[in-house]
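What follows is the content of run12.cif (mmCIF, C-alpha atoms).
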data_coords
loop_
_atom_site.label_atom_id
_atom_site.label_comp_id
_atom_site.auth_asym_id
_atom_site.auth_seq_id
_atom_site.Cartn_x
_atom_site.Cartn_y
_atom_site.Cartn_z
CA MET Z 81 -23.28 8.22 53.16
CA GLY Z 82 -25.32 10.25 55.64
CA LEU Z 83 -26.96 13.61 55.03
CA THR Z 84 -26.31 15.16 51.68
CA SER Z 85 -28.40 18.34 51.90
CA VAL Z 86 -29.05 21.14 54.38
CA GLY Z 87 -28.14 20.02 57.91
CA ILE Z 88 -31.25 19.32 59.98
CA GLY Z 89 -29.64 20.36 63.23
CA SER Z 90 -27.37 23.20 62.07
CA GLY Z 91 -29.12 24.47 58.97
CA MET Z 92 -25.79 24.33 57.11
CA ASP Z 93 -25.45 23.24 53.43
CA ILE Z 94 -23.28 20.24 54.24
CA SER Z 95 -23.31 18.93 50.66
CA GLY Z 96 -22.13 22.26 49.27
CA ILE Z 97 -19.41 22.57 51.91
CA VAL Z 98 -18.10 19.07 51.30
CA THR Z 99 -18.12 19.54 47.51
CA ALA Z 100 -16.24 22.82 47.83
CA LEU Z 101 -13.61 21.29 50.12
CA VAL Z 102 -13.13 18.25 47.87
CA ASN Z 103 -12.85 20.45 44.77
CA ALA Z 104 -10.36 22.71 46.51
CA GLU Z 105 -8.26 19.69 47.43
CA SER Z 106 -8.33 18.07 43.94
CA ALA Z 107 -8.47 21.06 41.57
CA GLY Z 108 -4.75 21.73 41.49
CA LYS Z 109 -3.81 18.11 40.94
CA THR Z 110 -6.50 17.65 38.23
CA ALA Z 111 -5.29 20.78 36.46
CA ARG Z 112 -1.73 19.45 36.43
CA PHE Z 113 -2.93 16.11 35.10
CA ASP Z 114 -4.86 17.89 32.31
CA VAL Z 115 -1.89 20.03 31.32
CA ASN Z 116 0.58 17.13 31.33
CA GLU Z 117 -1.78 14.79 29.50
CA GLY Z 118 -2.48 17.47 26.90
CA LYS Z 119 1.23 17.95 26.30
CA LEU Z 120 1.83 14.22 26.02
CA ASN Z 121 -1.05 13.72 23.56
CA ALA Z 122 0.25 16.61 21.49
CA GLN Z 123 3.69 15.00 21.43
CA ILE Z 124 2.17 11.64 20.45
CA SER Z 125 0.37 13.37 17.58
CA GLY Z 126 3.62 15.08 16.61
CA ILE Z 127 5.49 11.77 16.67
CA GLY Z 128 2.80 10.27 14.40
CA THR Z 129 3.14 13.16 11.95
CA LEU Z 130 6.93 12.84 11.98
CA LYS Z 131 6.85 9.09 11.30
CA SER Z 132 4.28 9.48 8.53
CA THR Z 133 6.20 12.13 6.62
CA MET Z 134 9.48 10.23 7.06
CA SER Z 135 7.88 7.01 5.77
CA GLU Z 136 6.55 8.82 2.69
CA PHE Z 137 10.01 10.20 1.99
CA LYS Z 138 11.53 6.74 2.42
CA ASP Z 139 9.05 5.36 -0.15
CA LYS Z 140 10.27 7.91 -2.71
CA LEU Z 141 13.86 6.90 -1.96
CA ALA Z 142 12.99 3.27 -2.73
CA THR Z 143 12.22 4.26 -6.32
CA LEU Z 144 15.49 6.17 -6.63
CA ALA Z 145 17.45 3.19 -5.31
CA LYS Z 146 16.45 1.10 -8.35
CA ALA Z 147 18.74 1.19 -11.39
CA GLU Z 148 15.76 0.75 -13.74
CA THR Z 149 14.46 4.15 -12.66
CA PHE Z 150 17.44 5.67 -14.49
CA ALA Z 151 18.01 3.13 -17.25
CA SER Z 152 14.40 2.60 -18.32
CA GLN Z 153 13.35 2.77 -21.93
CA LYS Z 154 10.07 3.58 -23.61
CA VAL Z 155 8.69 2.35 -26.90
CA SER Z 156 6.36 3.79 -29.53
CA THR Z 157 4.92 2.44 -32.76
CA SER Z 158 4.02 4.34 -35.90
CA SER Z 159 0.79 2.35 -36.14
CA LYS Z 160 -1.25 0.15 -33.81
CA GLU Z 161 -2.89 -1.73 -36.67
CA TYR Z 162 -0.42 -4.59 -36.98
CA LEU Z 163 1.41 -4.88 -33.67
CA SER Z 164 2.03 -3.52 -30.18
CA ALA Z 165 5.31 -3.43 -28.28
CA THR Z 166 6.64 -3.29 -24.73
CA VAL Z 167 10.22 -2.92 -23.44
CA ASP Z 168 12.22 -3.94 -20.39
CA LYS Z 169 15.49 -2.69 -18.89
CA ASP Z 170 17.58 -4.58 -21.48
CA ALA Z 171 16.12 -2.70 -24.45
CA VAL Z 172 18.52 -0.69 -26.60
CA SER Z 173 17.59 2.69 -28.04
CA GLY Z 174 16.95 2.52 -31.77
CA SER Z 175 14.31 2.20 -34.52
CA TYR Z 176 13.11 -1.00 -36.15
CA LEU Z 177 11.15 -1.43 -39.40
CA ILE Z 178 8.70 -4.31 -39.10
CA LYS Z 179 6.43 -5.98 -41.65
CA VAL Z 180 3.99 -8.68 -40.56
CA GLU Z 181 3.58 -11.32 -43.22
CA GLN Z 182 1.39 -13.79 -41.35
CA LEU Z 183 -0.27 -14.26 -37.96
CA ALA Z 184 0.03 -17.49 -36.02
CA GLN Z 185 -3.01 -19.72 -36.21
CA SER Z 186 -4.17 -22.89 -34.45
CA GLN Z 187 -5.19 -26.03 -36.31
CA LYS Z 188 -8.75 -27.32 -36.43
CA LYS Z 189 -9.81 -30.81 -37.47
CA GLY Z 190 -13.27 -32.22 -38.06
CA THR Z 191 -14.76 -35.71 -37.90
CA ALA Z 192 -16.72 -37.32 -40.66
CA VAL Z 193 -20.33 -36.15 -40.92
CA ALA Z 194 -22.62 -38.07 -38.56
CA ALA Z 195 -26.26 -38.91 -39.10
CA ASP Z 196 -27.18 -36.74 -36.13
CA ALA Z 197 -25.54 -35.42 -32.97
CA THR Z 198 -27.53 -37.50 -30.50
CA SER Z 199 -27.37 -41.04 -31.91
CA ALA Z 200 -24.91 -43.63 -30.56
CA ILE Z 201 -21.76 -43.97 -32.63
CA GLY Z 202 -19.95 -47.03 -31.38
CA GLU Z 203 -17.89 -48.28 -28.48
CA GLY Z 204 -14.14 -47.73 -28.26
CA THR Z 205 -11.29 -45.44 -27.17
CA LEU Z 206 -10.10 -42.08 -28.50
CA THR Z 207 -6.51 -40.98 -28.00
CA ILE Z 208 -6.06 -37.25 -28.60
CA GLY Z 209 -2.83 -35.26 -28.57
CA VAL Z 210 -1.46 -31.87 -29.60
CA GLY Z 211 2.13 -31.46 -30.78
CA THR Z 212 4.64 -32.87 -28.30
CA GLY Z 213 2.15 -32.69 -25.41
CA THR Z 214 1.01 -35.75 -23.49
CA PRO Z 215 -1.98 -37.43 -25.22
CA PHE Z 216 -5.11 -38.24 -23.24
CA ASN Z 217 -7.71 -40.98 -23.64
CA ILE Z 218 -11.49 -40.80 -23.86
CA ASN Z 219 -13.48 -43.99 -23.24
CA VAL Z 220 -16.55 -44.11 -25.47
CA SER Z 221 -19.46 -46.36 -24.50
CA ASP Z 222 -21.86 -48.00 -26.91
CA THR Z 223 -24.49 -45.38 -25.98
CA ASP Z 224 -22.34 -42.29 -26.49
CA SER Z 225 -23.32 -39.82 -29.19
CA LEU Z 226 -21.35 -37.05 -30.85
CA THR Z 227 -22.69 -34.66 -28.19
CA SER Z 228 -21.72 -36.81 -25.20
CA ILE Z 229 -18.25 -37.42 -26.69
CA MET Z 230 -17.85 -33.65 -27.02
CA ASP Z 231 -18.76 -33.27 -23.34
CA LYS Z 232 -16.30 -35.97 -22.31
CA ILE Z 233 -13.44 -34.34 -24.24
CA ASN Z 234 -14.12 -30.88 -22.81
CA GLY Z 235 -14.65 -32.25 -19.31
CA SER Z 236 -11.53 -34.41 -19.16
CA THR Z 237 -9.13 -33.31 -16.43
CA SER Z 238 -6.26 -34.58 -18.60
CA ASN Z 239 -7.22 -32.33 -21.49
CA THR Z 240 -5.35 -29.03 -21.55
CA ASP Z 241 -4.75 -28.56 -25.25
CA VAL Z 242 -7.97 -28.93 -27.29
CA THR Z 243 -11.56 -27.76 -27.37
CA ALA Z 244 -14.39 -29.73 -28.90
CA THR Z 245 -17.48 -28.27 -30.55
CA ILE Z 246 -20.21 -29.54 -32.83
CA VAL Z 247 -20.74 -27.69 -36.09
CA SER Z 248 -23.86 -28.61 -38.03
CA GLY Z 249 -23.25 -27.94 -41.72
CA GLU Z 250 -25.40 -28.56 -44.77
CA LEU Z 251 -24.33 -32.23 -44.83
CA GLY Z 252 -24.88 -32.83 -41.12
CA PRO Z 253 -23.12 -32.45 -37.78
CA GLN Z 254 -19.36 -32.77 -37.29
CA LEU Z 255 -17.33 -32.71 -34.12
CA VAL Z 256 -14.58 -30.11 -34.53
CA LEU Z 257 -11.39 -30.22 -32.45
CA GLY Z 258 -9.43 -26.99 -32.11
CA SER Z 259 -5.92 -26.67 -30.70
CA LYS Z 260 -5.53 -24.15 -27.88
CA LYS Z 261 -2.00 -23.52 -29.10
CA THR Z 262 -1.01 -21.79 -32.30
CA GLY Z 263 1.82 -22.71 -34.66
CA GLU Z 264 2.85 -25.57 -36.91
CA ASP Z 265 4.39 -27.49 -34.00
CA ASN Z 266 0.99 -27.93 -32.38
CA LEU Z 267 -0.85 -30.26 -34.74
CA ILE Z 268 -3.81 -32.31 -33.50
CA SER Z 269 -3.61 -36.10 -33.62
CA VAL Z 270 -6.60 -38.41 -33.06
CA THR Z 271 -6.54 -42.21 -32.92
CA ALA Z 272 -9.81 -44.16 -32.67
CA VAL Z 273 -9.82 -47.81 -31.57
CA ASN Z 274 -13.04 -49.82 -31.79
CA THR Z 275 -13.76 -52.23 -28.95
CA GLY Z 276 -17.39 -53.05 -29.62
CA ALA Z 277 -19.15 -54.49 -32.62
CA GLY Z 278 -18.61 -52.65 -35.87
CA THR Z 279 -16.33 -49.77 -36.80
CA GLY Z 280 -18.65 -46.86 -36.05
CA LEU Z 281 -16.20 -44.94 -33.86
CA SER Z 282 -13.22 -45.16 -36.19
CA ASP Z 283 -15.41 -44.41 -39.20
CA VAL Z 284 -16.72 -41.17 -37.66
CA PHE Z 285 -13.33 -40.13 -36.22
CA THR Z 286 -11.61 -40.14 -39.57
CA MET Z 287 -10.29 -36.59 -39.15
CA SER Z 288 -9.80 -34.02 -41.89
CA GLU Z 289 -8.09 -30.63 -41.56
CA LEU Z 290 -10.51 -27.71 -41.58
CA THR Z 291 -8.11 -24.90 -40.61
CA PRO Z 292 -4.35 -25.28 -41.03
CA ALA Z 293 -1.87 -24.43 -38.29
CA LYS Z 294 0.33 -21.45 -39.09
CA ASN Z 295 3.40 -19.83 -37.61
CA ALA Z 296 3.63 -16.09 -37.18
CA ILE Z 297 6.02 -14.50 -39.67
CA ALA Z 298 7.45 -11.00 -39.40
CA HIS Z 299 10.31 -9.21 -41.11
CA ILE Z 300 12.37 -7.01 -38.78
CA ASP Z 301 14.76 -4.75 -40.64
CA GLY Z 302 14.67 -7.28 -43.47
CA VAL Z 303 15.34 -10.27 -41.21
CA LYS Z 304 12.64 -12.96 -41.34
CA VAL Z 305 11.45 -14.03 -37.89
CA VAL Z 306 9.20 -17.04 -37.34
CA SER Z 307 7.26 -17.72 -34.13
CA GLN Z 308 4.83 -20.39 -32.98
CA THR Z 309 2.69 -17.66 -31.40
CA ASN Z 310 1.85 -14.04 -32.09
CA GLU Z 311 4.08 -13.08 -29.17
CA MET Z 312 7.66 -12.39 -30.26
CA LYS Z 313 9.55 -11.84 -27.00
CA THR Z 314 13.11 -12.52 -28.08
CA ALA Z 315 13.28 -11.24 -31.65
CA ILE Z 316 14.65 -7.86 -30.48
CA THR Z 317 16.71 -7.53 -27.30
CA GLY Z 318 14.53 -6.15 -24.51
CA VAL Z 319 11.52 -5.66 -26.81
CA SER Z 320 8.37 -7.83 -26.81
CA LEU Z 321 6.12 -7.70 -29.87
CA THR Z 322 2.48 -8.75 -30.05
CA LEU Z 323 1.32 -9.21 -33.63
CA THR Z 324 -2.30 -8.25 -34.29
CA GLY Z 325 -2.59 -7.94 -38.06
CA ALA Z 326 -0.77 -8.98 -41.23
CA ASP Z 327 -0.01 -7.10 -44.44
CA LEU Z 328 3.41 -7.55 -46.01
CA ALA Z 329 2.99 -4.30 -47.91
CA LYS Z 330 2.72 -2.25 -44.71
CA THR Z 331 5.66 -1.21 -42.54
CA THR Z 332 5.41 -0.36 -38.83
CA THR Z 333 8.23 1.60 -37.21
CA VAL Z 334 9.03 0.66 -33.64
CA SER Z 335 11.11 3.29 -31.81
CA VAL Z 336 12.90 2.61 -28.52
CA THR Z 337 14.14 5.69 -26.66
CA LYS Z 338 15.44 6.45 -23.20
CA ASP Z 339 12.63 7.24 -20.77
CA THR Z 340 14.14 10.38 -19.22
CA GLY Z 341 10.70 11.47 -18.06
CA LYS Z 342 10.54 8.58 -15.58
CA THR Z 343 13.90 9.55 -14.09
CA LYS Z 344 13.00 13.22 -13.86
CA SER Z 345 9.61 12.44 -12.31
CA ALA Z 346 11.23 10.22 -9.65
CA ILE Z 347 13.73 12.97 -8.73
CA GLU Z 348 10.95 15.59 -8.60
CA ASP Z 349 8.93 13.34 -6.28
CA PHE Z 350 12.03 12.90 -4.10
CA VAL Z 351 12.54 16.68 -3.82
CA LYS Z 352 8.85 17.32 -3.12
CA SER Z 353 8.72 14.64 -0.43
CA TYR Z 354 11.97 15.87 1.14
CA ASN Z 355 10.65 19.42 1.35
CA SER Z 356 7.40 18.16 2.85
CA MET Z 357 9.31 16.24 5.53
CA MET Z 358 11.59 19.16 6.41
CA THR Z 359 8.64 21.56 6.53
CA SER Z 360 6.82 19.21 8.91
CA ILE Z 361 9.88 19.04 11.17
CA ASN Z 362 10.14 22.84 11.16
CA ASP Z 363 6.44 23.15 12.07
CA LEU Z 364 6.80 20.62 14.88
CA THR Z 365 9.87 22.26 16.40
CA GLY Z 366 9.54 25.94 15.50
CA TYR Z 367 7.64 29.00 16.69
CA ASN Z 368 4.91 30.71 14.71
CA ALA Z 369 5.22 34.45 15.27
CA GLU Z 370 1.78 35.13 13.76
CA THR Z 371 -0.14 32.71 15.96
CA LYS Z 372 2.36 33.04 18.81
CA LYS Z 373 2.35 29.28 19.22
CA SER Z 374 5.25 26.90 19.57
CA GLY Z 375 5.47 23.55 17.78
CA VAL Z 376 4.47 20.55 19.89
CA MET Z 377 8.03 19.19 19.71
CA GLN Z 378 9.89 22.43 20.26
CA GLY Z 379 13.07 21.74 22.21
CA ASP Z 380 12.87 18.00 21.45
CA ALA Z 381 16.24 16.67 20.31
CA LEU Z 382 14.74 13.82 18.24
CA PRO Z 383 13.41 15.76 15.21
CA ARG Z 384 16.43 18.06 15.19
CA SER Z 385 18.74 15.04 15.15
CA ILE Z 386 16.83 13.59 12.20
CA GLN Z 387 17.00 16.90 10.37
CA SER Z 388 20.73 17.18 10.98
CA GLN Z 389 21.47 13.66 9.74
CA VAL Z 390 19.38 14.08 6.59
CA ARG Z 391 21.07 17.36 5.71
CA SER Z 392 24.48 15.84 6.35
CA ILE Z 393 23.82 13.04 3.85
CA LEU Z 394 22.43 15.42 1.23
CA SER Z 395 25.43 17.71 1.43
CA SER Z 396 27.88 14.82 1.07
CA SER Z 397 29.85 13.96 -2.05
CA PHE Z 398 29.23 10.64 -3.77
CA SER Z 399 31.42 8.52 -6.00
CA THR Z 400 30.32 8.32 -9.63
CA SER Z 401 31.94 7.06 -12.82
CA SER Z 402 33.25 10.60 -13.41
CA GLY Z 403 34.61 11.08 -9.89
CA SER Z 404 33.17 12.73 -6.81
CA ASP Z 405 29.79 14.43 -7.32
CA SER Z 406 27.06 16.13 -5.30
CA LEU Z 407 23.38 16.80 -5.92
CA ALA Z 408 24.19 20.36 -6.94
CA SER Z 409 26.20 19.01 -9.88
CA PHE Z 410 22.95 17.77 -11.40
CA GLY Z 411 20.83 20.86 -10.70
CA ILE Z 412 19.44 19.94 -7.27
CA LYS Z 413 20.37 22.70 -4.82
CA THR Z 414 19.66 23.56 -1.19
CA THR Z 415 17.89 26.86 -0.49
CA ARG Z 416 18.64 29.23 2.38
CA GLU Z 417 15.60 27.78 4.17
CA GLY Z 418 17.14 24.30 4.08
CA LEU Z 419 14.80 22.97 1.38
CA LEU Z 420 15.66 21.59 -2.06
CA GLU Z 421 14.97 23.21 -5.41
CA ILE Z 422 15.51 21.93 -8.94
CA ASP Z 423 17.16 23.71 -11.85
CA ALA Z 424 14.93 21.99 -14.43
CA LYS Z 425 17.15 22.78 -17.41
CA LYS Z 426 20.32 21.53 -15.73
CA LEU Z 427 18.62 18.39 -14.40
CA THR Z 428 17.25 17.49 -17.84
CA GLU Z 429 20.65 18.05 -19.39
CA SER Z 430 22.31 15.92 -16.72
CA ILE Z 431 19.87 13.04 -17.25
CA ASP Z 432 20.47 13.18 -21.02
CA THR Z 433 24.25 13.45 -20.95
CA ARG Z 434 25.37 12.07 -17.56
CA GLY Z 435 22.97 9.21 -17.04
CA ALA Z 436 25.59 6.83 -15.64
CA ASP Z 437 26.80 9.41 -13.11
CA ILE Z 438 23.38 10.32 -11.76
CA THR Z 439 22.47 6.62 -11.61
CA SER Z 440 25.51 5.73 -9.51
CA LEU Z 441 25.02 8.78 -7.27
CA PHE Z 442 21.60 7.54 -6.21
CA THR Z 443 21.74 3.75 -6.58
CA THR Z 444 25.25 2.54 -5.64
CA GLU Z 445 24.77 -0.11 -2.99
CA ASN Z 446 25.69 0.99 0.55
CA THR Z 447 27.24 4.30 -0.57
CA GLY Z 448 24.61 5.79 -2.90
CA LEU Z 449 22.44 8.64 -1.66
CA ALA Z 450 19.18 6.72 -1.80
CA THR Z 451 20.53 3.64 -0.04
CA LYS Z 452 22.37 5.60 2.68
CA MET Z 453 19.36 7.81 3.34
CA SER Z 454 16.99 4.83 3.43
CA GLU Z 455 19.13 3.00 5.97
CA MET Z 456 19.25 6.06 8.22
CA LEU Z 457 15.49 6.64 8.00
CA ASP Z 458 14.75 2.96 8.54
CA SER Z 459 16.41 3.04 11.96
CA TYR Z 460 13.75 5.57 12.96
CA VAL Z 461 10.55 4.44 11.19
CA LYS Z 462 10.85 0.64 11.22
CA THR Z 463 8.68 -1.37 13.61
CA GLY Z 464 10.39 -1.27 16.99
CA GLY Z 465 12.65 1.57 15.82
CA ILE Z 466 13.57 4.81 17.56
CA ILE Z 467 10.24 6.54 16.87
CA ASP Z 468 8.24 3.53 18.02
CA SER Z 469 10.27 3.49 21.24
CA ARG Z 470 9.53 7.17 21.83
CA ASP Z 471 5.84 6.61 21.10
CA THR Z 472 5.75 3.71 23.57
CA SER Z 473 7.39 5.86 26.24
CA LEU Z 474 4.82 8.62 25.75
CA ASP Z 475 1.95 6.11 25.88
CA GLU Z 476 3.30 4.78 29.16
CA GLN Z 477 3.41 8.30 30.60
CA VAL Z 478 -0.22 8.90 29.58
CA SER Z 479 -1.13 5.58 31.17
CA ARG Z 480 0.56 6.61 34.42
CA ILE Z 481 -1.44 9.86 34.45
CA LYS Z 482 -4.64 7.86 34.04
CA ASP Z 483 -3.60 5.68 36.95
CA SER Z 484 -2.87 8.80 39.01
CA ARG Z 485 -6.30 10.20 38.13
CA LEU Z 486 -7.93 7.00 39.31
CA ALA Z 487 -5.93 7.06 42.55
CA LEU Z 488 -6.86 10.73 43.10
CA ASN Z 489 -10.54 9.95 42.53
CA LEU Z 490 -10.37 7.17 45.11
CA ARG Z 491 -8.66 9.46 47.63
CA MET Z 492 -11.19 12.22 47.03
CA ALA Z 493 -14.06 9.76 47.44
CA SER Z 494 -12.59 8.68 50.77
CA TYR Z 495 -11.99 12.32 51.74
CA SER Z 496 -15.57 13.23 50.82
CA GLU Z 497 -16.96 10.37 52.88
CA ARG Z 498 -14.84 11.40 55.87
CA LEU Z 499 -16.04 15.02 55.62
CA TYR Z 500 -19.68 13.92 55.43
CA LYS Z 501 -19.22 11.83 58.55
CA GLN Z 502 -17.61 14.74 60.40
CA TYR Z 503 -20.18 17.33 59.35
CA ASN Z 504 -23.08 14.98 59.97
CA ALA Z 505 -21.70 14.23 63.44
CA MET Z 506 -21.39 17.98 64.09
CA ASP Z 507 -24.93 18.49 62.81
CA SER Z 508 -26.18 15.76 65.14
CA VAL Z 509 -24.47 17.41 68.11
CA VAL Z 510 -25.93 20.81 67.19
CA ALA Z 511 -29.36 19.23 66.83
CA SER Z 512 -29.01 17.63 70.28
CA LEU Z 513 -27.91 20.92 71.87
CA ASN Z 514 -30.75 22.78 70.25
CA SER Z 515 -33.17 20.18 71.54
CA GLN Z 516 -31.78 20.48 75.07
CA SER Z 517 -31.93 24.28 74.89
CA SER Z 518 -35.57 24.22 73.84
CA ASN Z 519 -36.43 21.75 76.58
CA LEU Z 520 -34.66 23.84 79.24
CA THR Z 521 -36.39 27.01 78.06
CA ALA Z 522 -39.78 25.31 78.25
CA ARG Z 523 -39.14 24.11 81.84
CA LEU Z 524 -38.01 27.53 83.00
CA ASN Z 525 -41.05 29.12 81.49
CA SER Z 526 -43.26 26.73 83.44
CA LEU Z 527 -41.85 27.68 86.92
CA PRO Z 528 -44.37 29.57 89.19
CA GLY Z 529 -43.73 33.29 89.68
CA LEU Z 530 -41.45 33.48 86.63
CA VAL Z 531 -42.33 36.47 84.53
CA ARG Z 532 -41.37 36.08 80.87
CA LYS Z 533 -39.95 39.05 79.09
CA SER Z 534 -41.81 39.73 75.90
#

Can you give me the file's structure in the form of structure tokens?
Amino acid sequence: MGLTSVGIGSGMDISGIVTALVNAESAGKTARFDVNEGKLNAQISGIGTLKSTMSEFKDKLATLAKAETFASQKVSTSSKEYLSATVDKDAVSGSYLIKVEQLAQSQKKGTAVAADATSAIGEGTLTIGVGTGTPFNINVSDTDSLTSIMDKINGSTSNTDVTATIVSGELGPQLVLGSKKTGEDNLISVTAVNTGAGTGLSDVFTMSELTPAKNAIAHIDGVKVVSQTNEMKTAITGVSLTLTGADLAKTTTVSVTKDTGKTKSAIEDFVKSYNSMMTSINDLTGYNAETKKSGVMQGDALPRSIQSQVRSILSSSFSTSSGSDSLASFGIKTTREGLLEIDAKKLTESIDTRGADITSLFTTENTGLATKMSEMLDSYVKTGGIIDSRDTSLDEQVSRIKDSRLALNLRMASYSERLYKQYNAMDSVVASLNSQSSNLTARLNSLPGLVRKS
């Protein structure tokens, strides 16, 4: 690039001069780039905050759009010793007196006692079944023992209903088959067919019952209920019982009541999330007198439009089974600051006495508050929605600034190179003139009769 330090011919700081000229040329443009890029990045951050808080609010609305949020029930039991209970949306409020007479039990059958568990028994085929299930076959070779037969039964891919174990009692080992299913409908059947010499297989697999199959028996409000398993899912509408203990002399009270706490909690979360969203919008678009700083989206029509639409929906009237209603009718009011506040006593009373009305206000398809609000918010926060489009536009503007920076750097590099060439050329001329001046002075001084002035 030529000389980059003090000029040899002129004594000038060419590098410093060029740097100063380049900086003077680019400083204003760079400063504008910095300011504009800073504003754009702040707006991008603001857009991200706006989308995040709107998405959180939309999530809370999703809960309020579900009818089960308002019609849910809860269940309690007077004791956990004999049973547990769960409820679904079809459960009816009420109390039920339950006595458990008997738990369901699976059947177990044992073979005849064998001489030992490792000696061959006899060749043949075993056909094993449980209840109405599809039986499966086990091929027994003339070298198979009680242990290897056990392994074949447990390892069969067709076996889904029984387990085989060897129990060694005082008389010797027995192979015990246990049903994986409880109840009197799931009895074990075993057929042994000898194919080799002798009757060893059929003799050993003469099965005897060790543990009988039993159905679960419970008495619900005096009504006897029988089940193949300890799960009673249809005995009481909307209530599932799991029996864990039996004593006919003991009574367990199962109480089903409306779960108003779930409804109230969902509405409280809705109000809290709404206030958080509106506060964020105010911070993004407002002016802080204490810090004397404006929000990064002050003057932007987008957040104000969102705020206006949300408030318009909240202040609307909605059709309920009792007529036209608003949030205020249920104790949810708008403050002077544009936020929501809850009259806890009135809300609780409304949930208890006007459950159908508050349910329809929030959940009615297309016209309910939650569904209308969700649809409006979705147009902004969904992928490819209004906010994504704004974010893309801002990203493109930042990208253009980066391109402009690169172009400016290239121009300044070219400008710097041109200045170096010009100043180096000037320095070369000055050096040449100085050289000629020195040479001329030396010649004059050498002329005869010339008196030099000191």

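Within 9 Å of Z:Lys352, once all atoms listed in the file are used and residues closer than 6 positions along the same chain are dropped, the contacting residues are Phe137, Leu420 and Glu421 of chain Z.
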
Take atom CA of Z:Thr149 and atom CA of Z:Asp423 and report the distance between them in Å, one decimal.
->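 If I compute the distance from atom CA of Z:Thr149 to atom CA of Z:Asp423, I get 19.8 Å.
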
Picked residues, the PyMOL selection byres ((chain Z and resi 288) around 8), expected as a ChimeraX atom specification | /Z:189-192,286-287,289-290

Between atom CA of Z:Lys294 and atom CA of Z:Met312, distance in Å (one decimal) |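 Between atom CA of Z:Lys294 and atom CA of Z:Met312 the gap works out to 14.6 Å.
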
Which is closest to Z:Glu181 among Z:Asn239, Z:Ser397, Z:Asn219, Z:Thr331, if we use all atoms listed in the file?
->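 Smallest separation from Z:Glu181 among the options: Z:Thr331.
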
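Applied to the file shown here, the PyMOL selection byres ((chain Z and resi 254-256) around 7) selects the residues Lys188, Lys189, Gly190, Thr191, Ala192, Val193, Ala194, Leu226, Ala244, Thr245, Ile246, Val247, Ser248, Gly252, Pro253, Leu257 and Gly258 of chain Z.
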
Would you mind reading off the distance between atom CA of Z:Thr223 and atom CA of Z:Thr243, one decimal, in Å?
->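 Distance reported for this atom pair: 21.9 Å.
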
Quick one: everything within 9 Å of stretch 267-273 of chain Z, counting only C-alpha atoms, minus sequence neighbours fewer than 2 positions away in the same chain. Send it as JSON, numbers by chain.
-> {"Z": [186, 187, 188, 189, 203, 204, 205, 206, 207, 208, 209, 210, 211, 212, 215, 242, 257, 258, 259, 261, 262, 263, 264, 265, 275, 279, 281, 282, 283, 285, 286, 287, 292, 293]}

Hey, what's within 8 Å of Z:Met357 if we count all atoms listed in the file and toss same-chain stuff fewer than 3 positions away? As a ChimeraX atom specification, please?
-> /Z:130,133-134,137,353-354,360-361

Output the selection as an mmCIF file, in the coordinates of the input - C-alpha atoms for each residue.
data_model
loop_
_atom_site.group_PDB
_atom_site.id
_atom_site.type_symbol
_atom_site.label_atom_id
_atom_site.label_comp_id
_atom_site.auth_asym_id
_atom_site.auth_seq_id
_atom_site.Cartn_x
_atom_site.Cartn_y
_atom_site.Cartn_z
ATOM 1 C CA LEU Z 130 6.930 12.840 11.980
ATOM 2 C CA THR Z 133 6.200 12.130 6.620
ATOM 3 C CA MET Z 134 9.480 10.230 7.060
ATOM 4 C CA PHE Z 137 10.010 10.200 1.990
ATOM 5 C CA SER Z 353 8.720 14.640 -0.430
ATOM 6 C CA TYR Z 354 11.970 15.870 1.140
ATOM 7 C CA SER Z 360 6.820 19.210 8.910
ATOM 8 C CA ILE Z 361 9.880 19.040 11.170
#

Determine, counting only C-alpha atoms, every residue of protein, DNA or RNA that lies within 12 Å of (18.4, 0.7, -1.9) in the file coordinates, then give the result as an MDAnalysis selection string.
-> chainID Z and resid 138:147 149 440:458

Written as a PyMOL selection string, what is the full residue list that the PyMOL selection byres ((chain Z and resi 419) around 10) yields on the file shown?
-> chain Z and resi 351-352+354-359+391+413-418+420-421

Selected residues written out, C-alpha atoms, as a PDB file, in the coordinates of the input:
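Full text of out-v6.pdb as output:
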ATOM      1  CA  VAL Z 351      12.540  16.680  -3.820  1.00  0.00           C
ATOM      2  CA  LYS Z 352       8.850  17.320  -3.120  1.00  0.00           C
ATOM      3  CA  TYR Z 354      11.970  15.870   1.140  1.00  0.00           C
ATOM      4  CA  ASN Z 355      10.650  19.420   1.350  1.00  0.00           C
ATOM      5  CA  SER Z 356       7.400  18.160   2.850  1.00  0.00           C
ATOM      6  CA  MET Z 357       9.310  16.240   5.530  1.00  0.00           C
ATOM      7  CA  MET Z 358      11.590  19.160   6.410  1.00  0.00           C
ATOM      8  CA  THR Z 359       8.640  21.560   6.530  1.00  0.00           C
ATOM      9  CA  ARG Z 391      21.070  17.360   5.710  1.00  0.00           C
ATOM     10  CA  LYS Z 413      20.370  22.700  -4.820  1.00  0.00           C
ATOM     11  CA  THR Z 414      19.660  23.560  -1.190  1.00  0.00           C
ATOM     12  CA  THR Z 415      17.890  26.860  -0.490  1.00  0.00           C
ATOM     13  CA  ARG Z 416      18.640  29.230   2.380  1.00  0.00           C
ATOM     14  CA  GLU Z 417      15.600  27.780   4.170  1.00  0.00           C
ATOM     15  CA  GLY Z 418      17.140  24.300   4.080  1.00  0.00           C
ATOM     16  CA  LEU Z 420      15.660  21.590  -2.060  1.00  0.00           C
ATOM     17  CA  GLU Z 421      14.970  23.210  -5.410  1.00  0.00           C
TER      18      GLU Z 421
END
